[in-house]
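Note sheet for the following structure.
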Amino acid sequence: MLLVVVRTLSGALAPVATFVAELDQRRASDLSSIQAEGLPDELRPIPRALDRYLVRIEALLAAERDFSANAAHELRTPLAVAAAQAQIIAEGRGGPKAARAVVAAVAKVTALVERLLELARAEAGIGREGDRCDLLQVLRLLIADLPGCPVLLDDGDLEVVEVAADPDAVALVLGNLLRNACEHRVGPVRVTVGPAPSVEIATPVAPGSAFREGRFARGAGSTGSGLGLGIARTTVDRLEWELDLVIRDGAAIARVNFPGCGAGFPLPGPNVRAGSDSG
Amino acid sequence: MCAGATAAGATEVGLGALRVDLAGRRVYGPGGEVRLTAREWAVLALLVAARGRVQSRAMLEDALYSFDEEIAGNAVEVYVSRLRGKLGADVIETRRGLGYLVR
């Protein structure tokens, strides 16, 4: 009787053993569909789930390949310009124009490499450890680093807005959003800080403008790296903050909600204090 | 209240014991940085830019309109009062009926 049970079970489990063996023997690069012939109906969801997982891995790998190819292409163009202009200078044929072209090309490469490094930091999980900083202080430093881009910082009459976040991560997100705003603005950029704590960056933009979060995705005429929004999104998602990007009433609005350390303390405003001085 | 002499286009202005960094939008006192809100800074920056000259209430209100479409009738008085509280009572002088100035 026992022998009958063992033989029956062995027969029933043979397809399972075949299935396990196929998985064990697979090469790491083999992402083809998994064969589930002979598996009992109760176990068929397993290969189907594995197939869906393999499809996601394939898509991820394809995206990584595209990213590497795009990054190489983006770097190659300004480097080729710099090399050509440097050659002209070396041959004694280049004037100030050639020198300026080299400087501009190197600056473009530098900016792109900085964004690539920021993306690597974002993907590596920057700022995971508990930390806190003053949102206003970070914003003031970032805005001071944007010469030629008029930015109105409305701090909501708050002196300090503490967030439970690493200042580097805050600067990474807001710096990229601010650079993006300055790149696409057709008017002054307005940054509004709320006690939630939150930051809203509103930028007047041309009709038909859109946020492009894809890597190296750029609108016509843009000179940005095409990485900034992706860096901001990756960092925000990893740290479980919130980022909303909307186009409304001719303005591109990026809003980030941060984890707070308790609300900031607004000072008594004009509406709650009677004037005592009539200058 | 005496302000230190500054060259045209200077980014730092001495204001008695205070040092006003116009480019960095910061104010430093004997005890270190004095934190100002953006609206407080807007009022102070206008007064410092026109040092020695009276700025009318309407002029100072214009600086506040860049933040809000509507402002309270006593907004200028409130921000001047706050600035005096932070920077010293005699930093901003009142010219009754005319406006305010720093020297």
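Letters A, B, ... mark the chains of the structure tokens in the order given; residue numbers begin at 1 per chain; ligand numbers begin at 1, in order shown.
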
Residues of range 94-213 of chain A at most 8 Å from range 35-38 of chain B: nearest atom pair and distance in Å, only C-alpha atoms, as JSON lines:
```
{"residue": "A:Leu153", "atom": "CA", "partner": "B:Ala38", "partner_atom": "CA", "distance": 6.9}
{"residue": "A:Asp154", "atom": "CA", "partner": "B:Ala38", "partner_atom": "CA", "distance": 6.2}
{"residue": "A:Asp155", "atom": "CA", "partner": "B:Ala38", "partner_atom": "CA", "distance": 6.0}
{"residue": "A:Gly156", "atom": "CA", "partner": "B:Ala38", "partner_atom": "CA", "distance": 8.0}
{"residue": "A:Asp157", "atom": "CA", "partner": "B:Thr37", "partner_atom": "CA", "distance": 5.4}
{"residue": "A:Leu158", "atom": "CA", "partner": "B:Thr37", "partner_atom": "CA", "distance": 6.1}
{"residue": "A:Glu159", "atom": "CA", "partner": "B:Thr37", "partner_atom": "CA", "distance": 5.5}
```

Restricted to C-alpha atoms, what would the selected residues look like written as a CSV table (one decimal), in the first residue's frame?
```
chain,number,residue,atom,x,y,z
A,153,LEU,CA,11.4,83.2,-2.5
A,154,ASP,CA,8.2,83.5,-0.4
A,155,ASP,CA,8.9,82.0,2.9
A,156,GLY,CA,5.3,82.5,4.1
A,157,ASP,CA,6.7,84.7,6.9
A,158,LEU,CA,8.5,81.7,8.5
A,159,GLU,CA,11.9,82.2,9.9
```

_Distance cut-off 9 Å, counting only C-alpha atoms - which residues of chain B neighbour chain A? Return them as a ChimeraX atom specification._
/B:23-25,35-40,56-57,66-67,71-81,93-100

Residues as selected, C-alpha atoms, written as a tab-separated table (two decimals), in the first residue's frame, can you do that?
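Below you can see out-v2.tsv, which holds the result:
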```
chain	number	residue	atom	x	y	z
B	23	ALA	CA	23.92	90.04	-2.29
B	24	GLY	CA	23.51	87.24	0.22
B	25	ARG	CA	20.34	88.83	1.62
B	35	ARG	CA	17.18	85.78	10.65
B	36	LEU	CA	14.75	87.84	8.61
B	37	THR	CA	11.76	86.60	6.68
B	38	ALA	CA	11.49	87.43	2.98
B	39	ARG	CA	8.98	90.23	3.57
B	40	GLU	CA	11.07	91.76	6.35
B	56	SER	CA	7.05	106.56	1.78
B	57	ARG	CA	4.64	103.96	3.04
B	66	SER	CA	5.64	91.27	-4.99
B	67	PHE	CA	4.60	88.59	-2.47
B	71	ILE	CA	-1.81	93.36	1.73
B	72	ALA	CA	-3.26	94.54	5.00
B	73	GLY	CA	-3.52	98.27	5.57
B	74	ASN	CA	-1.05	98.12	8.45
B	75	ALA	CA	1.43	95.79	6.74
B	76	VAL	CA	4.26	98.32	6.53
B	77	GLU	CA	3.91	99.25	10.21
B	78	VAL	CA	3.98	95.59	11.21
B	79	TYR	CA	7.15	94.78	9.25
B	80	VAL	CA	8.91	97.94	10.41
B	81	SER	CA	7.99	97.02	13.97
B	93	GLU	CA	13.61	106.15	11.89
B	94	THR	CA	10.06	107.37	11.42
B	95	ARG	CA	9.25	110.63	9.68
B	96	ARG	CA	5.71	111.06	10.79
B	97	GLY	CA	3.40	111.61	7.86
B	98	LEU	CA	6.23	111.04	5.36
B	99	GLY	CA	7.63	107.55	5.82
B	100	TYR	CA	10.74	105.77	7.10
```

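From CA of Glu162 in chain A back to CA of Gly260 in chain A, the distance works out to 6.5 Å.
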
*Please provide as a VMD selection string all residues within 7 Å of Val189 in chain A, with the sequence filter that same-chain residues fewer than 5 positions apart are discarded (counting only C-alpha atoms).*
chain A and resid 150 to 152 181 202 to 203

Resulting file, chosen residues, N, CA and C atoms, as a PDB file, in the first residue's frame:
```
ATOM      1  N   PRO A 150      15.849  85.159 -12.160  1.00  0.00           N
ATOM      2  CA  PRO A 150      15.130  85.831 -11.072  1.00  0.00           C
ATOM      3  C   PRO A 150      14.203  84.866 -10.337  1.00  0.00           C
ATOM      4  N   VAL A 151      14.441  84.710  -9.047  1.00  0.00           N
ATOM      5  CA  VAL A 151      13.621  83.805  -8.239  1.00  0.00           C
ATOM      6  C   VAL A 151      13.092  84.577  -7.035  1.00  0.00           C
ATOM      7  N   LEU A 152      11.786  84.592  -6.892  1.00  0.00           N
ATOM      8  CA  LEU A 152      11.182  85.213  -5.704  1.00  0.00           C
ATOM      9  C   LEU A 152      10.922  84.111  -4.688  1.00  0.00           C
ATOM     10  N   ALA A 181      13.272  74.777 -13.673  1.00  0.00           N
ATOM     11  CA  ALA A 181      12.387  75.950 -13.762  1.00  0.00           C
ATOM     12  C   ALA A 181      13.097  77.091 -14.490  1.00  0.00           C
ATOM     13  N   ALA A 202       6.810  77.602  -8.906  1.00  0.00           N
ATOM     14  CA  ALA A 202       5.895  77.934 -10.006  1.00  0.00           C
ATOM     15  C   ALA A 202       6.652  78.744 -11.050  1.00  0.00           C
ATOM     16  N   THR A 203       6.565  78.294 -12.289  1.00  0.00           N
ATOM     17  CA  THR A 203       7.332  78.898 -13.377  1.00  0.00           C
ATOM     18  C   THR A 203       6.424  79.217 -14.547  1.00  0.00           C
TER      19      THR A 203
END
```

_Test item, strand (DSSP E or B) assignment across range 93-240 of chain A, answer as number ranges by chain_ = A: 133-134, 151-154, 162-163, 189-194, 198-204

Written selection (N, CA and C atoms) as a PDB file, in the first residue's frame:
```pdb
ATOM      1  N   CYS A 133      17.099  69.415   8.588  1.00  0.00           N
ATOM      2  CA  CYS A 133      17.709  70.658   8.119  1.00  0.00           C
ATOM      3  C   CYS A 133      16.645  71.737   7.979  1.00  0.00           C
ATOM      4  N   ASP A 134      17.130  72.974   7.820  1.00  0.00           N
ATOM      5  CA  ASP A 134      16.231  74.107   7.610  1.00  0.00           C
ATOM      6  C   ASP A 134      16.024  74.293   6.110  1.00  0.00           C
ATOM      7  N   VAL A 151      14.441  84.710  -9.047  1.00  0.00           N
ATOM      8  CA  VAL A 151      13.621  83.805  -8.239  1.00  0.00           C
ATOM      9  C   VAL A 151      13.092  84.577  -7.035  1.00  0.00           C
ATOM     10  N   LEU A 152      11.786  84.592  -6.892  1.00  0.00           N
ATOM     11  CA  LEU A 152      11.182  85.213  -5.704  1.00  0.00           C
ATOM     12  C   LEU A 152      10.922  84.111  -4.688  1.00  0.00           C
ATOM     13  N   LEU A 153      11.565  84.222  -3.530  1.00  0.00           N
ATOM     14  CA  LEU A 153      11.360  83.226  -2.471  1.00  0.00           C
ATOM     15  C   LEU A 153      10.353  83.772  -1.471  1.00  0.00           C
ATOM     16  N   ASP A 154       9.181  83.163  -1.422  1.00  0.00           N
ATOM     17  CA  ASP A 154       8.159  83.546  -0.441  1.00  0.00           C
ATOM     18  C   ASP A 154       8.201  82.515   0.679  1.00  0.00           C
ATOM     19  N   GLU A 162      11.870  73.493   9.498  1.00  0.00           N
ATOM     20  CA  GLU A 162      12.679  72.274   9.651  1.00  0.00           C
ATOM     21  C   GLU A 162      12.021  71.087   8.973  1.00  0.00           C
ATOM     22  N   VAL A 163      12.831  70.300   8.285  1.00  0.00           N
ATOM     23  CA  VAL A 163      12.336  69.062   7.693  1.00  0.00           C
ATOM     24  C   VAL A 163      13.182  67.902   8.215  1.00  0.00           C
ATOM     25  N   VAL A 189      10.619  83.077 -11.638  1.00  0.00           N
ATOM     26  CA  VAL A 189      10.247  81.856 -10.916  1.00  0.00           C
ATOM     27  C   VAL A 189       9.833  82.244  -9.499  1.00  0.00           C
ATOM     28  N   ARG A 190       8.773  81.640  -9.012  1.00  0.00           N
ATOM     29  CA  ARG A 190       8.310  81.925  -7.651  1.00  0.00           C
ATOM     30  C   ARG A 190       8.382  80.641  -6.822  1.00  0.00           C
ATOM     31  N   VAL A 191       9.063  80.731  -5.683  1.00  0.00           N
ATOM     32  CA  VAL A 191       9.197  79.575  -4.788  1.00  0.00           C
ATOM     33  C   VAL A 191       8.435  79.898  -3.500  1.00  0.00           C
ATOM     34  N   THR A 192       7.442  79.074  -3.198  1.00  0.00           N
ATOM     35  CA  THR A 192       6.627  79.314  -2.016  1.00  0.00           C
ATOM     36  C   THR A 192       6.834  78.180  -1.021  1.00  0.00           C
ATOM     37  N   VAL A 193       7.220  78.547   0.189  1.00  0.00           N
ATOM     38  CA  VAL A 193       7.454  77.546   1.231  1.00  0.00           C
ATOM     39  C   VAL A 193       6.256  77.521   2.160  1.00  0.00           C
ATOM     40  N   GLY A 194       5.779  76.331   2.461  1.00  0.00           N
ATOM     41  CA  GLY A 194       4.652  76.190   3.375  1.00  0.00           C
ATOM     42  C   GLY A 194       5.090  75.453   4.625  1.00  0.00           C
ATOM     43  N   SER A 198       6.405  72.144   2.914  1.00  0.00           N
ATOM     44  CA  SER A 198       6.339  71.915   1.477  1.00  0.00           C
ATOM     45  C   SER A 198       7.031  73.050   0.742  1.00  0.00           C
ATOM     46  N   VAL A 199       7.387  72.765  -0.493  1.00  0.00           N
ATOM     47  CA  VAL A 199       7.963  73.789  -1.370  1.00  0.00           C
ATOM     48  C   VAL A 199       7.243  73.699  -2.707  1.00  0.00           C
ATOM     49  N   GLU A 200       6.768  74.843  -3.188  1.00  0.00           N
ATOM     50  CA  GLU A 200       6.122  74.884  -4.497  1.00  0.00           C
ATOM     51  C   GLU A 200       6.907  75.824  -5.392  1.00  0.00           C
ATOM     52  N   ILE A 201       7.332  75.307  -6.533  1.00  0.00           N
ATOM     53  CA  ILE A 201       8.103  76.107  -7.495  1.00  0.00           C
ATOM     54  C   ILE A 201       7.204  76.341  -8.699  1.00  0.00           C
ATOM     55  N   ALA A 202       6.810  77.602  -8.906  1.00  0.00           N
ATOM     56  CA  ALA A 202       5.895  77.934 -10.006  1.00  0.00           C
ATOM     57  C   ALA A 202       6.652  78.744 -11.050  1.00  0.00           C
ATOM     58  N   THR A 203       6.565  78.294 -12.289  1.00  0.00           N
ATOM     59  CA  THR A 203       7.332  78.898 -13.377  1.00  0.00           C
ATOM     60  C   THR A 203       6.424  79.217 -14.547  1.00  0.00           C
ATOM     61  N   PRO A 204       6.338  80.479 -14.968  1.00  0.00           N
ATOM     62  CA  PRO A 204       5.576  80.761 -16.187  1.00  0.00           C
ATOM     63  C   PRO A 204       6.269  80.101 -17.380  1.00  0.00           C
TER      64      PRO A 204
END
```

*DSSP alpha helix (DSSP H) residues within chain B, listed as a PyMOL selection string*: chain B and resi 38-49+57-65+75-87

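The space separating CA of Pro15 in chain A from CA of Ile34 in chain A comes to 13.0 Å.
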
*Could you pull the residues within 12 Å of Leu61 in chain A, counting only C-alpha atoms, minus those fewer than 6 positions along the same chain, as a ChimeraX atom specification?*
/A:29,31,54-55,67-68

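Atom pair CA of Leu178 in chain A / CA of Ala69 in chain A: separated by 27.1 Å.
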
Residues at most 12 Å from Leu50 in chain A, counting only C-alpha atoms, excluding those fewer than 5 positions away in the same chain, as a short mmCIF file (atom, residue, chain, number, x, y, z; two decimals) with N, CA and C atoms, in the first residue's frame?
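The new file part.cif reads:
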```cif
data_model
loop_
_atom_site.label_atom_id
_atom_site.label_comp_id
_atom_site.auth_asym_id
_atom_site.auth_seq_id
_atom_site.Cartn_x
_atom_site.Cartn_y
_atom_site.Cartn_z
N PHE A 19 10.55 21.11 -13.61
CA PHE A 19 10.43 22.58 -13.56
C PHE A 19 11.58 23.18 -12.75
N LEU A 23 14.87 25.59 -14.00
CA LEU A 23 15.25 26.87 -13.39
C LEU A 23 16.71 26.85 -12.96
N LEU A 31 16.30 35.14 -20.27
CA LEU A 31 15.08 35.71 -19.70
C LEU A 31 13.85 35.27 -20.48
N SER A 32 13.98 34.13 -21.22
CA SER A 32 12.85 33.65 -22.00
C SER A 32 11.78 33.05 -21.08
N SER A 33 10.60 32.82 -21.67
CA SER A 33 9.45 32.33 -20.90
C SER A 33 9.75 30.95 -20.30
N ILE A 34 9.22 30.72 -19.13
CA ILE A 34 9.48 29.45 -18.43
C ILE A 34 8.43 28.41 -18.84
N GLN A 35 8.92 27.20 -19.20
CA GLN A 35 8.01 26.13 -19.61
C GLN A 35 7.35 25.50 -18.37
N ALA A 36 6.03 25.36 -18.44
CA ALA A 36 5.32 24.82 -17.27
C ALA A 36 4.51 23.60 -17.64
N LEU A 43 -0.18 24.64 -9.31
CA LEU A 43 1.16 25.27 -9.29
C LEU A 43 1.41 26.18 -10.49
N ARG A 44 0.49 26.21 -11.45
CA ARG A 44 0.73 27.01 -12.66
C ARG A 44 0.88 28.51 -12.40
N PRO A 45 0.26 29.08 -11.37
CA PRO A 45 0.48 30.52 -11.10
C PRO A 45 1.95 30.84 -10.83
N VAL A 55 9.80 39.48 -17.45
CA VAL A 55 9.47 40.56 -18.40
C VAL A 55 9.90 41.90 -17.81
N ARG A 56 9.67 42.07 -16.50
CA ARG A 56 10.05 43.35 -15.85
C ARG A 56 11.57 43.50 -15.84
N ILE A 57 12.27 42.40 -15.56
CA ILE A 57 13.74 42.47 -15.55
C ILE A 57 14.26 42.82 -16.94
#
```

_Neighbour list for Val27 in chain B as an MDAnalysis selection string, cut-off 10 Å, only C-alpha atoms, skip fewer than 6 positions in-chain_ = chainID B and resid 12:15 18:21 33:36 41 44 87
